[in-house]
Amino acid sequence: MGFANTAEILKEPACKLNHQPDRACERPKGGESCAFDGAFIVLNPITDAAHLIHGTIACCGNSYEGRGSLSSGSRLYRYGFTTDMTEMDIVYGSEGKLKEGILYIAQRYKPSAIFVYSTCIPALTGEDVETVCKDACKKTGIPVIPVIAPGFLGHKNLGNRIAGEVLLDYVIGTRRISDFGFRISDLKHTINFIGEYNIAGEIWDILSLFEKIGINVLSKITGDSTFREITYAHHAGLNLLVCGRALINVARGMEERYGIPFREVSFYGMKNTGSALRETARFFQDKNIIERAEMVIQEEEAFTKKALSLYIEKLKGKRAVLYTGGVKSWSIISALNDLGIEVTACGVKKSSLSDIDKIKSLIGEERILKDVSPKNILEAIYSTNADILIAGGRNQYLAYKERIPFIDINQERHTAYAGYKGLVRMAEDIVKTIYSPVWEIAKKKSPWE
Amino acid sequence: MKKFGVSVNPLKTSPALGAAYALQGIKGAIALFHAAPGCTFLGKVLLTQHLREPVGLLGTDIKEMPTIMGGWDDLKKRITDVCEKFKPSLIGVIGTALAEVRGEDIRKIIEDCRLKIEDFKSSIVNSQSSIIYISCPDYMGGFGEGYAKAIEVVIENLAENGPVIPNQINILPCESLTAGDIEEIKDIISTFGLKPIVLSDLSLSMDGSKERFSNLPLDGTAIDEIKAMGRSSATFSIGEGMKKAGEILRDRFSIPLYPLSLPIGLEASDNFIRCLMEITGKKPSERIERWRRKFVDGMVDTHLLMAGKKAAVGLEGKLCLGISRFCLEMGMQVKGARGKPAPRIKCGAGSASMSLHDSSRDSKQGGQGTSDLEDLEDMAEGVDLIITNSHGKEISERLGIPLLRMGFPVFDRFGEPLKLRVGYRGSLNLLFEMANIFYENRFCNKG
């Protein structure tokens with residue numbers, strides 16, 4: 001897949017935005033990461049693969065181990081592999097070097113597959129990464145997969161989709177489940193997750209819910225996954241698209257190629273989680289499953305309400321300003337509403353038009369914050385008397401410097417907020433930050449003032 | 001198995017990031033990457049995680065078209081926007097690999113911007129923003145080289161000639177010195193009756209003392225101070241890579257240069273104090289004398305625990321040297337790896353002098369040997385301590401060897417920017433920290 005496809009990737013047919021004139025799925029500008037990072041975020045959680053970054057040092061050196069995806073198995077995905085291009089490599093080309101590097105990794109680390117990311121500089125000098133990968137694949141006998149995602153192509157979202165195309169073209173459907181000693185007839189009520197990256201271990205809380213209901217998760221794309229499980233993802237009965245826009249092309253592609261329908265769901269908050277479980281269960285039209293789902297929802301909600309009782313009084317009537325990145329703002333709004341928190345302003349710079357419509361219907365148009373410069377976020381907090389800022393790590397020190405309570409909701413976060421247990425954790429963290437004695441202490445005058 | 005073509009768990013971070021880090025210590029300065037969006041975004045995330053402070057780093061976010069056709073307009077527009085919006089005292093335009101490979105004439109663009117800003121003086125309040133160009137392509141060097149480059153360019157562009165100010169001396173700390181280290185060095189120098197100008201002074205801007213949000217450093221080395229650096233009576237460069245910046249001051253303004261290594265450990269700290277005694281003709285204060293006695297006492301107290309212990313040191317450049325010297329002073333054995341293409345440190349089993357050489361593997365590969373954390377892991381089998389940045393955590397867990405974090409980045413510990421490891425006092429801190437790790441693992445019940 002070369003650059004020519006960029007425009008096509010942007011015109012994702014399953015994305016409603018593209019049916020509006022002059023509005024492709026591309027995001028607004030500024031303050032975001034690049035296509036390489038976007039592709040890396042999607043593919044890196046494949047835990048037993050090696051991720052080799054072909055480029056100068058910044059792409060790997062400044063970012064490896066920077067994402068919060070956790071693994072229950074191999075830790076190979078945390079390794080930073082890079083060709084670390086030098087001046088000589090740029091002048092004389094580094095295809096040979098890249099190939100040697102691939103062979104070295106294959107021999108020493110025995111990965112299930114190697115993803116080779118082509119970044120800005122090799123793209124600019126015109127290296128044929130695809131051919132190198134093909135050759136190396138023959139030589140090593142494992143899949144060596146080119147990911148052509150130079151940062152200058154566009155923003156993170158585009159990179160997400162490039163990675164999605166890579167999954168469709170090179171991974172999904174390349175093996176059959178029977179290759180691994182399972183029978184296809186054994187597969188009952190199976191689903192895949194698409195776009196869930198197991199940040200802070202969120203996937204584990206969700207998996208246990210489906211397990212209780214009796215729905216089998218065949219492949220996780222890609223949080224805490226193995227390369228193998230993604231190769232046979234096409235045997236599943238249903239795809240759950242967890243982080244909407246990012247990997248919609250994978251969901252649509254699998255529907256087209258393998259006839260697997262997909263549902264957009266969210267696991268943030270009690271309501272969202274409940275309806276995600278219910279919808280999934282109903283899809284299989286199995287009375288047993290539907291009943292068990294209802295039972296699990298009932299049990300979990302009762303448990304959650306009990307656990308939340310510690311916090312709910314303290315959270316009642318609290319006001320929050322929200323600015324999320326990868327996680328859909330509207331699903332967090334719903335989670336916050338479950339906790340009795342009012343969202344007084346919501347940054348939408350990273351949201352798509354359909355997301356913005358949903359947010360509008362939840363909190364009203366006047367609370368939409370289009371300009372999310374630090375100054376504007378602060379103004380929104382002060383003018384609406386908000387008690388807390390809920391945003392990504394980059395705004396953490398904006399809040400802390402201004403002595404405003406804060407929790408991190410983006411991909412660098414350390415706490416899992418999805419599912420029922422996640423909601424309780426979120427409540428706990430919000431109470432902890434809002435009611436911390438530190439804010440009073442910080443305001444105290446010093447002896448010499 | 002011969003390793004070629006790949007660096008595994010690199011020690012290196014990008015030089016552009018090092019340049020941006022340097023600018024964080026200059027009051028009102030802002031770093032502007034001429035780069036694709038990810039360079040700025042990922043760099044900013046890493047700097048923020050390490051410093052735990054808001055960081056002044058913006059980018060031009062160039063896409064396909066400017067990459068191919070040239071990013072003149074993007075850069076011009078961004079520079080004027082930044083001038084208008086932030087009114088910085090200094091804009092450091094940092095050319096990253098993407099712009100440099102294309103061959104963008106950034107100098108010319110900056111020249112144009114200067115003219116344009118002159119034209120619009122009335123609309124832009126601070127038309128005095130200095131705009132400098134720091135070429136830091138990622139294919140040359142690492143964090144330390146970028147840092148040094150930024151300091152060199154700042155001096156070249158801003159330092160001015162004038163009558164010598166007696167007692168004023170320039171301090172050029174390398175990137176390995178934390179805000180805590182710089183503060184200590186300033187304190188020590190002040191006790192000799194000297195007035196130090198530190199470039200760049202992270203101890204004023206990135207020490208957590210900022211009480212409100214700002215994109216720019218609210219404190220740090222002031223532009224006027226940098227201008228006055230041409231009038232100092234001496235320059236101390238601290239850390240091997242900073243010598244060149246000191247040479248610029250020496251060659252242009254005839255300021256005597258005293259190149260020092262990192263004052264970690266007894267010998268290096270003694271050298272630092274000796275140097276100060278030489279130029280002032282004064283004896284150190286009683287406090288410094290006492291700290292030396294305390295440090296030596298600590299060395300004696302801990303020597304049995306430290307002697308013979310093996311440490312694997314994976315740090316970039318100067319810090320690697322400084323820490324290794326310190327370990328050798330204590331009778332430890334050191335195995336080292338540092339960001340390429342620097343030479344390796346030979347295992348100096350117990351000897352106080354240390355030799356540097358290119359390891360055989362490096363030379364076999366025609367000087368292309370990568371020295372990364374994979375190399376460190378390979379040689380760390382059986383050592384007692386691993387000393388490297390936060391990326392060492394996985395290695396430490398795999399091998400079951402304790403980890404002492406330092407260098408860049410340290411993103412999984414609080415307080416790294418304030419850690420004090422230089423001078424007698426700092427060395428004693430470090431000594432106790434290390435010794436306590438060994439202490440912890442000394443008495444274990446069987447089973």
# chains A, B, ... in the order shown; residues from 1 in each chain; ligands from 1
call {"tool": "residues_around", "arguments": {"residues": "Val372 (chain A)", "least_positions_apart": "5", "cutoff": "10 Å", "atoms": "only C-alpha atoms", "output": "PyMOL selection string"}}
result
chain A and resi 31+323+346-350+377-378+380
call {"tool": "residues_around", "arguments": {"residues": "Leu241 (chain A)", "least_positions_apart": "5", "cutoff": "7 Å", "atoms": "only C-alpha atoms", "output": "number ranges by chain"}}
result
A: 193-195, 251, 262-265
call {"tool": "write_last_selection", "arguments": {"atoms": "N, CA and C atoms", "output": "PDB file, in the first residue's frame"}}
result
ATOM      1  N   PHE A 193     -12.915  -7.585  19.484  1.00  0.00           N
ATOM      2  CA  PHE A 193     -12.866  -6.156  19.827  1.00  0.00           C
ATOM      3  C   PHE A 193     -12.032  -5.466  18.773  1.00  0.00           C
ATOM      4  N   ILE A 194     -12.502  -4.340  18.296  1.00  0.00           N
ATOM      5  CA  ILE A 194     -11.678  -3.544  17.386  1.00  0.00           C
ATOM      6  C   ILE A 194     -11.480  -2.158  17.994  1.00  0.00           C
ATOM      7  N   GLY A 195     -10.225  -1.735  18.086  1.00  0.00           N
ATOM      8  CA  GLY A 195      -9.936  -0.385  18.571  1.00  0.00           C
ATOM      9  C   GLY A 195      -9.872  -0.280  20.077  1.00  0.00           C
ATOM     10  N   ALA A 251     -13.508  -2.475  10.641  1.00  0.00           N
ATOM     11  CA  ALA A 251     -14.843  -3.039  10.832  1.00  0.00           C
ATOM     12  C   ALA A 251     -15.578  -3.155   9.495  1.00  0.00           C
ATOM     13  N   PHE A 262     -20.809  -5.277  12.317  1.00  0.00           N
ATOM     14  CA  PHE A 262     -20.171  -4.648  13.479  1.00  0.00           C
ATOM     15  C   PHE A 262     -21.137  -3.726  14.215  1.00  0.00           C
ATOM     16  N   ARG A 263     -20.844  -3.533  15.480  1.00  0.00           N
ATOM     17  CA  ARG A 263     -21.627  -2.627  16.316  1.00  0.00           C
ATOM     18  C   ARG A 263     -20.671  -1.649  16.988  1.00  0.00           C
ATOM     19  N   GLU A 264     -21.072  -0.383  17.029  1.00  0.00           N
ATOM     20  CA  GLU A 264     -20.263   0.592  17.751  1.00  0.00           C
ATOM     21  C   GLU A 264     -20.683   0.605  19.209  1.00  0.00           C
ATOM     22  N   VAL A 265     -19.746   0.384  20.095  1.00  0.00           N
ATOM     23  CA  VAL A 265     -20.088   0.362  21.514  1.00  0.00           C
ATOM     24  C   VAL A 265     -19.072   1.180  22.318  1.00  0.00           C
TER      25      VAL A 265
END
call {"tool": "select_by_dssp", "arguments": {"residues": "region 249-312 of chain A", "states": "alpha helix (DSSP H)", "output": "PyMOL selection string"}}
result
chain A and resi 249-258+270-283+287-312
call {"tool": "closest_residue", "arguments": {"among": "A:Ala427, A:Leu398, A:Val132, A:Leu238", "to": "chain B", "atoms": "only C-alpha atoms"}}
result
A:Leu398
call {"tool": "residues_around", "arguments": {"residues": "Gly5 (chain B)", "least_positions_apart": "5", "cutoff": "9 Å", "atoms": "only C-alpha atoms", "output": "list in words"}}
result
Thr82, Thr83, Asp84, Met85, Ser94, Gly96, Lys97, Leu98, Lys99, Glu100, Gly101, Ile102 and Tyr104 of chain A; Gln368, Gly369 and Thr370 of chain B
call {"tool": "residues_around", "arguments": {"residues": "region 251-259 of chain B", "least_positions_apart": "4", "cutoff": "8 Å", "atoms": "only C-alpha atoms", "output": "list in words"}}
result
Asn161, Gly230, Arg231, Ser232, Ser233, Ala234, Thr235, Phe236, Ser237, Ile238, Gly239, Glu240, Met242, Lys243, Gly246, Glu247 and Cys275 of chain B
call {"tool": "write_last_selection", "arguments": {"atoms": "C-alpha atoms", "output": "PDB file, in the first residue's frame"}}
result
ATOM      1  CA  ASN B 161      31.313  42.529  23.688  1.00  0.00           C
ATOM      2  CA  GLY B 230      30.688  38.322  26.474  1.00  0.00           C
ATOM      3  CA  ARG B 231      31.951  40.450  29.351  1.00  0.00           C
ATOM      4  CA  SER B 232      32.590  37.755  31.946  1.00  0.00           C
ATOM      5  CA  SER B 233      36.022  37.168  33.379  1.00  0.00           C
ATOM      6  CA  ALA B 234      35.999  33.383  32.968  1.00  0.00           C
ATOM      7  CA  THR B 235      33.956  30.521  31.529  1.00  0.00           C
ATOM      8  CA  PHE B 236      33.456  27.102  33.102  1.00  0.00           C
ATOM      9  CA  SER B 237      32.156  24.446  30.776  1.00  0.00           C
ATOM     10  CA  ILE B 238      30.861  21.484  32.736  1.00  0.00           C
ATOM     11  CA  GLY B 239      30.758  18.182  30.893  1.00  0.00           C
ATOM     12  CA  GLU B 240      32.927  17.298  27.907  1.00  0.00           C
ATOM     13  CA  MET B 242      30.162  21.889  26.356  1.00  0.00           C
ATOM     14  CA  LYS B 243      33.735  22.827  25.586  1.00  0.00           C
ATOM     15  CA  GLY B 246      33.106  27.861  25.823  1.00  0.00           C
ATOM     16  CA  GLU B 247      35.540  28.127  22.936  1.00  0.00           C
ATOM     17  CA  CYS B 275      39.678  25.624  39.678  1.00  0.00           C
TER      18      CYS B 275
END
call {"tool": "closest_residue", "arguments": {"among": "B:Leu194, B:Leu90, B:Leu58, B:Leu403", "to": "Glu433 (chain B)", "atoms": "only C-alpha atoms"}}
result
B:Leu403
call {"tool": "residues_around", "arguments": {"residues": "Arg75 (chain A)", "least_positions_apart": "6", "cutoff": "9 Å", "atoms": "only C-alpha atoms", "output": "list in words"}}
result
Thr47 and Asp48 of chain A; Glu394 of chain B
call {"tool": "closest_residue", "arguments": {"among": "B:Ala29, B:Leu23, B:Ile395, B:Leu75", "to": "chain A", "atoms": "only C-alpha atoms"}}
result
B:Ile395
call {"tool": "closest_atom_pairs", "arguments": {"of": "chain A", "to": "chain B", "cutoff": "6 Å", "atoms": "only C-alpha atoms", "output": "JSON lines"}}
result
{"residue": "A:Ser33", "atom": "CA", "partner": "B:Gly38", "partner_atom": "CA", "distance": 4.3}
{"residue": "A:Cys34", "atom": "CA", "partner": "B:Gly38", "partner_atom": "CA", "distance": 4.2}
{"residue": "A:Thr56", "atom": "CA", "partner": "B:Tyr139", "partner_atom": "CA", "distance": 5.5}
{"residue": "A:Ile57", "atom": "CA", "partner": "B:Ser14", "partner_atom": "CA", "distance": 5.8}
{"residue": "A:Ala58", "atom": "CA", "partner": "B:Ser14", "partner_atom": "CA", "distance": 4.7}
{"residue": "A:Gly61", "atom": "CA", "partner": "B:Thr13", "partner_atom": "CA", "distance": 4.6}
{"residue": "A:Asn62", "atom": "CA", "partner": "B:Thr13", "partner_atom": "CA", "distance": 5.4}
{"residue": "A:Tyr79", "atom": "CA", "partner": "B:Asn9", "partner_atom": "CA", "distance": 5.7}
{"residue": "A:Gly80", "atom": "CA", "partner": "B:Asn9", "partner_atom": "CA", "distance": 4.4}
{"residue": "A:Phe81", "atom": "CA", "partner": "B:Val8", "partner_atom": "CA", "distance": 4.7}
{"residue": "A:Thr82", "atom": "CA", "partner": "B:Ser7", "partner_atom": "CA", "distance": 5.3}
{"residue": "A:Thr83", "atom": "CA", "partner": "B:Val6", "partner_atom": "CA", "distance": 4.5}
{"residue": "A:Met85", "atom": "CA", "partner": "B:Tyr139", "partner_atom": "CA", "distance": 5.8}
{"residue": "A:Thr86", "atom": "CA", "partner": "B:Tyr139", "partner_atom": "CA", "distance": 4.4}
{"residue": "A:Glu87", "atom": "CA", "partner": "B:Tyr139", "partner_atom": "CA", "distance": 5.6}
{"residue": "A:Lys97", "atom": "CA", "partner": "B:Gly5", "partner_atom": "CA", "distance": 4.5}
{"residue": "A:Leu98", "atom": "CA", "partner": "B:Gly5", "partner_atom": "CA", "distance": 6.0}
{"residue": "A:Glu100", "atom": "CA", "partner": "B:Gly5", "partner_atom": "CA", "distance": 5.7}
{"residue": "A:Gly101", "atom": "CA", "partner": "B:Gly5", "partner_atom": "CA", "distance": 4.6}
{"residue": "A:Gly151", "atom": "CA", "partner": "B:Ala36", "partner_atom": "CA", "distance": 5.8}
{"residue": "A:Phe152", "atom": "CA", "partner": "B:Lys63", "partner_atom": "CA", "distance": 4.3}
{"residue": "A:Leu153", "atom": "CA", "partner": "B:Glu64", "partner_atom": "CA", "distance": 5.5}
{"residue": "A:Gly154", "atom": "CA", "partner": "B:Lys63", "partner_atom": "CA", "distance": 6.0}
{"residue": "A:Tyr397", "atom": "CA", "partner": "B:Pro54", "partner_atom": "CA", "distance": 5.6}
{"residue": "A:Leu398", "atom": "CA", "partner": "B:Phe213", "partner_atom": "CA", "distance": 5.6}
{"residue": "A:Lys401", "atom": "CA", "partner": "B:Arg212", "partner_atom": "CA", "distance": 4.9}
{"residue": "A:Glu402", "atom": "CA", "partner": "B:Arg212", "partner_atom": "CA", "distance": 5.3}
call {"tool": "closest_residue", "arguments": {"among": "B:Ala22, B:Leu404, B:Leu321, B:Val313", "to": "Leu376 (chain B)", "atoms": "only C-alpha atoms"}}
result
B:Val313
